[in-house]
2 protein chains.
Amino acid sequence: MIINGENLAFKLNDKMYHCALDITMDFIGGKWKCVVLWYLKSGKLRFTEIRHYMPEITEKMLSIQLKALEKDGLIERKVYGNKPPIRVEYMLSAFGRTIIPVIDAIAKWGRELGERNGVLVNIDQSKIADYRL
Amino acid sequence: MIINGENLAFKLNDKMYHCALDITMDFIGGKWKCVVLWYLKSGKLRFTEIRHYMPEITEKMLSIQLKALEKDGLIERKVYGNKPPIRVEYMLSAFGRTIIPVIDAIAKWGRELGERNGVLVNIDQSKIADYRL
DNA sequence: CGGCATCCGCAGCGATACTG
DNA sequence: CAGTATCGCTGCGGATGCCG
């Protein structure tokens, strides 16, 4: 961020940022975070369910991403039972729900680009919402 | 993307994607791209000018990012003169302008988070647009 | 079931120096 | 002025195996 020709950096949660975009990208950047948030938009999901929606991610990476999202306050984690098999559910927090418009904007642009290139034309649009494009 | 329990992957420009979010993030993801786009929103800028707005980036990384953005069709590059010192200007393409709403959504969320945490309170909001927060 | 531990390759990124 | 070239590091992310 430039104010009167000066570089202005600022700190938030012990991290340095140089502009507002950096803040958001720190929360949803990387290869997986915003996809996880996208799937959690519709409701709570268990670890295995998220994996099922994202077969490309490894368990390790999903675990890391979920932990990061929880630390950032975007999602909440609830454990049911104390002996394996246990049951863990993830859902958006109130704070996490504030970022939905951003996720939606990102998804919308990508979807429209895909449509313009004929990638998604043979998919009934009404089913996309149902099936979590 | 999951349709009826099946994982559906699709190709666009020789790259594989699994959901619409992946497409957009491929265009604006990473540490620098969306910041460059943010600065180019207001008009054309020269290489050195962008560097001036982003003192944290090295010339090498800026060069790489600009090349990637140009290859993706988001920005246009114009060269004036043929002997050094030459003059190069970068600006959003028509296609690049379609992504402005996404960039704005990202910036808005980050700015609001900063404001809620008192980071930007002493900056006149009317000046933020002028000075390219 | 929902993880964590370990090993490892490679891309991302930085610093510095050089150039048409 | 607007970049390359080179070197080197760091850590993201993948693969595999183990565990309460």
# chains A, B, ... in the order shown; residues from 1 in each chain; ligands from 1
call {"tool": "closest_atom_pairs", "arguments": {"of": "chain C", "to": "chain B", "cutoff": "10 Å", "atoms": "only C-alpha atoms (C1' of nucleotides)", "output": "tab-separated table"}}
result
residue	atom	partner	partner_atom	distance
C:DG12	C1'	B:Gly30	CA	9.2
C:DC13	C1'	B:Met61	CA	7.6
C:DG14	C1'	B:Thr58	CA	7.7
C:DA15	C1'	B:Thr58	CA	9.1
C:DG20	C1'	B:Pro84	CA	6.9
call {"tool": "write_last_selection", "arguments": {"atoms": "C-alpha atoms (C1' of nucleotides)", "output": "tab-separated table (two decimals), in the first residue's frame"}}
result
chain	number	residue	atom	x	y	z
C	12	DG	C1'	8.50	-20.78	-5.56
C	13	DC	C1'	10.94	-17.32	-4.21
C	14	DG	C1'	14.93	-14.38	-2.85
C	15	DA	C1'	19.65	-12.07	-3.55
C	20	DG	C1'	20.55	-4.87	-24.81
call {"tool": "residues_around", "arguments": {"residues": "Ile50 of chain B", "least_positions_apart": "2", "cutoff": "12 Å", "atoms": "only C-alpha atoms (C1' of nucleotides)", "output": "PyMOL selection string"}}
result
(chain A and resi 1-2) or (chain B and resi 32-33+35-48+52-59+61-63+65-66+88-91+132) or (chain D and resi 2)
call {"tool": "closest_atom_pairs", "arguments": {"of": "chain D", "to": "chain A", "cutoff": "9 Å", "atoms": "only C-alpha atoms (C1' of nucleotides)", "output": "JSON lines"}}
result
{"residue": "D:DG13", "atom": "C1'", "partner": "A:Met61", "partner_atom": "CA", "distance": 7.3}
{"residue": "D:DG14", "atom": "C1'", "partner": "A:Thr58", "partner_atom": "CA", "distance": 7.8}
{"residue": "D:DG20", "atom": "C1'", "partner": "A:Pro84", "partner_atom": "CA", "distance": 6.8}
call {"tool": "write_last_selection", "arguments": {"atoms": "N, CA and C atoms (P, O5', C5', C4', C3', O3' and C1' of nucleotides)", "output": "short mmCIF file (atom, residue, chain, number, x, y, z; two decimals), in the first residue's frame"}}
result
data_model
loop_
_atom_site.label_atom_id
_atom_site.label_comp_id
_atom_site.auth_asym_id
_atom_site.auth_seq_id
_atom_site.Cartn_x
_atom_site.Cartn_y
_atom_site.Cartn_z
P DG D 13 0.52 -25.90 -0.96
"O5'" DG D 13 0.70 -27.43 -1.40
"C5'" DG D 13 1.38 -27.72 -2.60
"C4'" DG D 13 1.87 -29.14 -2.57
"C3'" DG D 13 0.82 -30.21 -2.21
"O3'" DG D 13 0.60 -31.02 -3.34
"C1'" DG D 13 2.91 -30.64 -1.19
P DG D 14 -0.46 -32.17 -3.38
"O5'" DG D 14 0.43 -33.47 -3.50
"C5'" DG D 14 1.38 -33.58 -4.56
"C4'" DG D 14 2.20 -34.84 -4.41
"C3'" DG D 14 1.38 -36.09 -4.09
"O3'" DG D 14 1.84 -37.18 -4.89
"C1'" DG D 14 3.06 -35.80 -2.46
P DG D 20 -1.07 -45.76 19.93
"O5'" DG D 20 -2.08 -44.77 20.66
"C5'" DG D 20 -2.27 -43.44 20.22
"C4'" DG D 20 -3.71 -43.00 20.48
"C3'" DG D 20 -4.43 -43.81 21.56
"O3'" DG D 20 -5.37 -42.94 22.22
"C1'" DG D 20 -5.50 -44.16 19.47
#
call {"tool": "residues_around", "arguments": {"residues": "DG17 of chain D", "least_positions_apart": "6", "cutoff": "12 Å", "atoms": "only C-alpha atoms (C1' of nucleotides)", "output": "PyMOL selection string"}}
result
chain C and resi 4-7
call {"tool": "write_last_selection", "arguments": {"atoms": "N, CA, C and O atoms (P, O5', C5', C4', C3', O3' and C1' of nucleotides)", "output": "tab-separated table (two decimals), in the first residue's frame"}}
result
chain	number	residue	atom	x	y	z
C	4	DC	P	-3.34	-34.25	12.98
C	4	DC	O5'	-2.04	-35.11	13.32
C	4	DC	C5'	-1.96	-35.83	14.55
C	4	DC	C4'	-0.76	-36.77	14.53
C	4	DC	C3'	0.56	-36.08	14.13
C	4	DC	O3'	1.58	-36.53	15.01
C	4	DC	C1'	0.12	-37.90	12.67
C	5	DA	P	3.07	-35.94	14.87
C	5	DA	O5'	3.82	-37.04	14.02
C	5	DA	C5'	3.87	-38.39	14.49
C	5	DA	C4'	5.00	-39.15	13.79
C	5	DA	C3'	6.24	-38.32	13.48
C	5	DA	O3'	7.40	-39.14	13.64
C	5	DA	C1'	5.26	-39.08	11.44
C	6	DT	P	8.88	-38.51	13.52
C	6	DT	O5'	9.29	-38.86	12.04
C	6	DT	C5'	9.18	-40.21	11.59
C	6	DT	C4'	9.42	-40.30	10.09
C	6	DT	C3'	10.55	-39.39	9.58
C	6	DT	O3'	11.61	-40.20	9.09
C	6	DT	C1'	8.64	-39.37	8.15
C	7	DC	P	13.03	-39.55	8.70
C	7	DC	O5'	13.04	-39.74	7.12
C	7	DC	C5'	12.39	-40.87	6.55
C	7	DC	C4'	12.12	-40.60	5.07
C	7	DC	C3'	13.19	-39.74	4.40
C	7	DC	O3'	13.63	-40.38	3.20
C	7	DC	C1'	11.03	-38.87	3.96
call {"tool": "closest_residue", "arguments": {"among": "B:Arg87, B:Lys15, B:Lys71, B:Arg116", "to": "DG3 of chain D", "atoms": "only C-alpha atoms (C1' of nucleotides)"}}
result
B:Arg87
call {"tool": "select_by_dssp", "arguments": {"residues": "chain A", "states": "strand (DSSP E)", "output": "list of chain:residue names"}}
result
A:Ile2, A:Ile3, A:Glu6, A:Asn7, A:Phe10, A:Lys11, A:Leu12, A:Lys15, A:Met16, A:Tyr17, A:Leu45, A:Arg46, A:Ile75, A:Glu76, A:Arg77, A:Lys78, A:Val79, A:Tyr80, A:Arg87, A:Val88, A:Glu89, A:Tyr90, A:Met91, A:Leu92
call {"tool": "write_last_selection", "arguments": {"atoms": "C-alpha atoms", "output": "CSV table (one decimal), in the first residue's frame"}}
result
chain,number,residue,atom,x,y,z
A,2,ILE,CA,1.4,3.3,-1.0
A,3,ILE,CA,0.4,6.5,0.8
A,6,GLU,CA,5.6,5.9,1.2
A,7,ASN,CA,5.4,2.2,1.6
A,10,PHE,CA,1.0,-3.2,8.8
A,11,LYS,CA,0.8,-6.0,11.2
A,12,LEU,CA,-2.2,-8.2,11.9
A,15,LYS,CA,1.9,-11.2,10.4
A,16,MET,CA,3.1,-8.5,8.0
A,17,TYR,CA,0.9,-7.3,5.2
A,45,LEU,CA,-19.2,-32.2,6.7
A,46,ARG,CA,-17.1,-35.0,8.2
A,75,ILE,CA,-14.2,-23.0,10.4
A,76,GLU,CA,-15.2,-24.9,13.6
A,77,ARG,CA,-14.3,-28.5,14.5
A,78,LYS,CA,-16.5,-30.7,16.7
A,79,VAL,CA,-15.5,-34.2,17.9
A,80,TYR,CA,-18.1,-36.8,18.8
A,87,ARG,CA,-16.6,-38.7,14.5
A,88,VAL,CA,-15.4,-35.2,13.5
A,89,GLU,CA,-17.5,-32.5,11.9
A,90,TYR,CA,-16.4,-29.3,10.3
A,91,MET,CA,-18.5,-26.3,9.6
A,92,LEU,CA,-18.1,-22.6,8.7
call {"tool": "atom_distance", "arguments": {"atom1": "atom CA of Ile99 of chain A", "atom2": "atom CA of Asn117 of chain B"}}
result
16.1 Å
call {"tool": "closest_residue", "arguments": {"among": "A:Asp26, A:Lys67, A:Ala20, A:Ile103", "to": "chain B", "atoms": "only C-alpha atoms"}}
result
A:Ala20
call {"tool": "select_by_dssp", "arguments": {"residues": "segment 5-54 of chain A", "states": "alpha helix (DSSP H)", "output": "PyMOL selection string"}}
result
chain A and resi 20-28+33-40+47-53
call {"tool": "write_last_selection", "arguments": {"atoms": "N, CA and C atoms", "output": "compact mmCIF listing (two decimals), in the first residue's frame"}}
result
# COMPACT_ATOMS: atom_id res chain seq x y z
N ALA A 20 -4.53 -4.85 1.37
CA ALA A 20 -5.70 -5.59 1.83
C ALA A 20 -5.82 -6.94 1.14
N LEU A 21 -5.35 -7.01 -0.11
CA LEU A 21 -5.44 -8.26 -0.85
C LEU A 21 -4.61 -9.35 -0.18
N ASP A 22 -3.45 -8.95 0.36
CA ASP A 22 -2.59 -9.91 1.03
C ASP A 22 -3.33 -10.59 2.18
N ILE A 23 -4.11 -9.82 2.91
CA ILE A 23 -4.82 -10.37 4.07
C ILE A 23 -5.75 -11.48 3.62
N THR A 24 -6.62 -11.18 2.65
CA THR A 24 -7.58 -12.18 2.20
C THR A 24 -6.87 -13.40 1.63
N MET A 25 -5.86 -13.16 0.79
CA MET A 25 -5.17 -14.29 0.16
C MET A 25 -4.47 -15.16 1.19
N ASP A 26 -4.09 -14.55 2.32
CA ASP A 26 -3.47 -15.34 3.37
C ASP A 26 -4.49 -16.31 3.97
N PHE A 27 -5.76 -15.91 3.96
CA PHE A 27 -6.82 -16.76 4.53
C PHE A 27 -7.30 -17.83 3.56
N ILE A 28 -7.39 -17.47 2.28
CA ILE A 28 -7.99 -18.42 1.33
C ILE A 28 -7.02 -18.85 0.23
N LYS A 33 -7.49 -24.33 0.24
CA LYS A 33 -8.36 -23.69 1.24
C LYS A 33 -9.72 -23.29 0.71
N CYS A 34 -9.76 -22.58 -0.40
CA CYS A 34 -11.05 -22.06 -0.82
C CYS A 34 -11.96 -23.17 -1.34
N VAL A 35 -11.39 -24.27 -1.79
CA VAL A 35 -12.23 -25.40 -2.20
C VAL A 35 -12.90 -26.03 -0.98
N VAL A 36 -12.12 -26.19 0.10
CA VAL A 36 -12.70 -26.70 1.34
C VAL A 36 -13.83 -25.80 1.81
N LEU A 37 -13.57 -24.49 1.80
CA LEU A 37 -14.60 -23.54 2.24
C LEU A 37 -15.84 -23.65 1.37
N TRP A 38 -15.63 -23.84 0.08
CA TRP A 38 -16.74 -23.97 -0.85
C TRP A 38 -17.65 -25.14 -0.47
N TYR A 39 -17.04 -26.27 -0.16
CA TYR A 39 -17.84 -27.44 0.18
C TYR A 39 -18.52 -27.28 1.53
N LEU A 40 -17.89 -26.52 2.43
CA LEU A 40 -18.49 -26.33 3.75
C LEU A 40 -19.58 -25.27 3.75
N PHE A 47 -14.71 -35.35 8.05
CA PHE A 47 -13.40 -35.43 7.39
C PHE A 47 -13.48 -36.29 6.12
N THR A 48 -14.04 -37.47 6.27
CA THR A 48 -14.10 -38.39 5.14
C THR A 48 -14.99 -37.87 4.02
N GLU A 49 -16.04 -37.14 4.39
CA GLU A 49 -16.92 -36.59 3.36
C GLU A 49 -16.19 -35.55 2.52
N ILE A 50 -15.42 -34.69 3.20
CA ILE A 50 -14.65 -33.69 2.45
C ILE A 50 -13.67 -34.38 1.51
N ARG A 51 -13.01 -35.40 2.02
CA ARG A 51 -12.09 -36.17 1.18
C ARG A 51 -12.81 -36.75 -0.02
N HIS A 52 -14.03 -37.16 0.19
CA HIS A 52 -14.81 -37.75 -0.90
C HIS A 52 -15.10 -36.71 -1.98
N TYR A 53 -15.33 -35.48 -1.54
CA TYR A 53 -15.58 -34.41 -2.52
C TYR A 53 -14.30 -33.94 -3.19
call {"tool": "atom_distance", "arguments": {"atom1": "atom C1' of DG9 of chain C", "atom2": "atom CA of His18 of chain B"}}
result
23.9 Å
call {"tool": "atom_distance", "arguments": {"atom1": "atom CA of Thr98 of chain B", "atom2": "atom CA of Ala68 of chain B"}}
result
17.2 Å
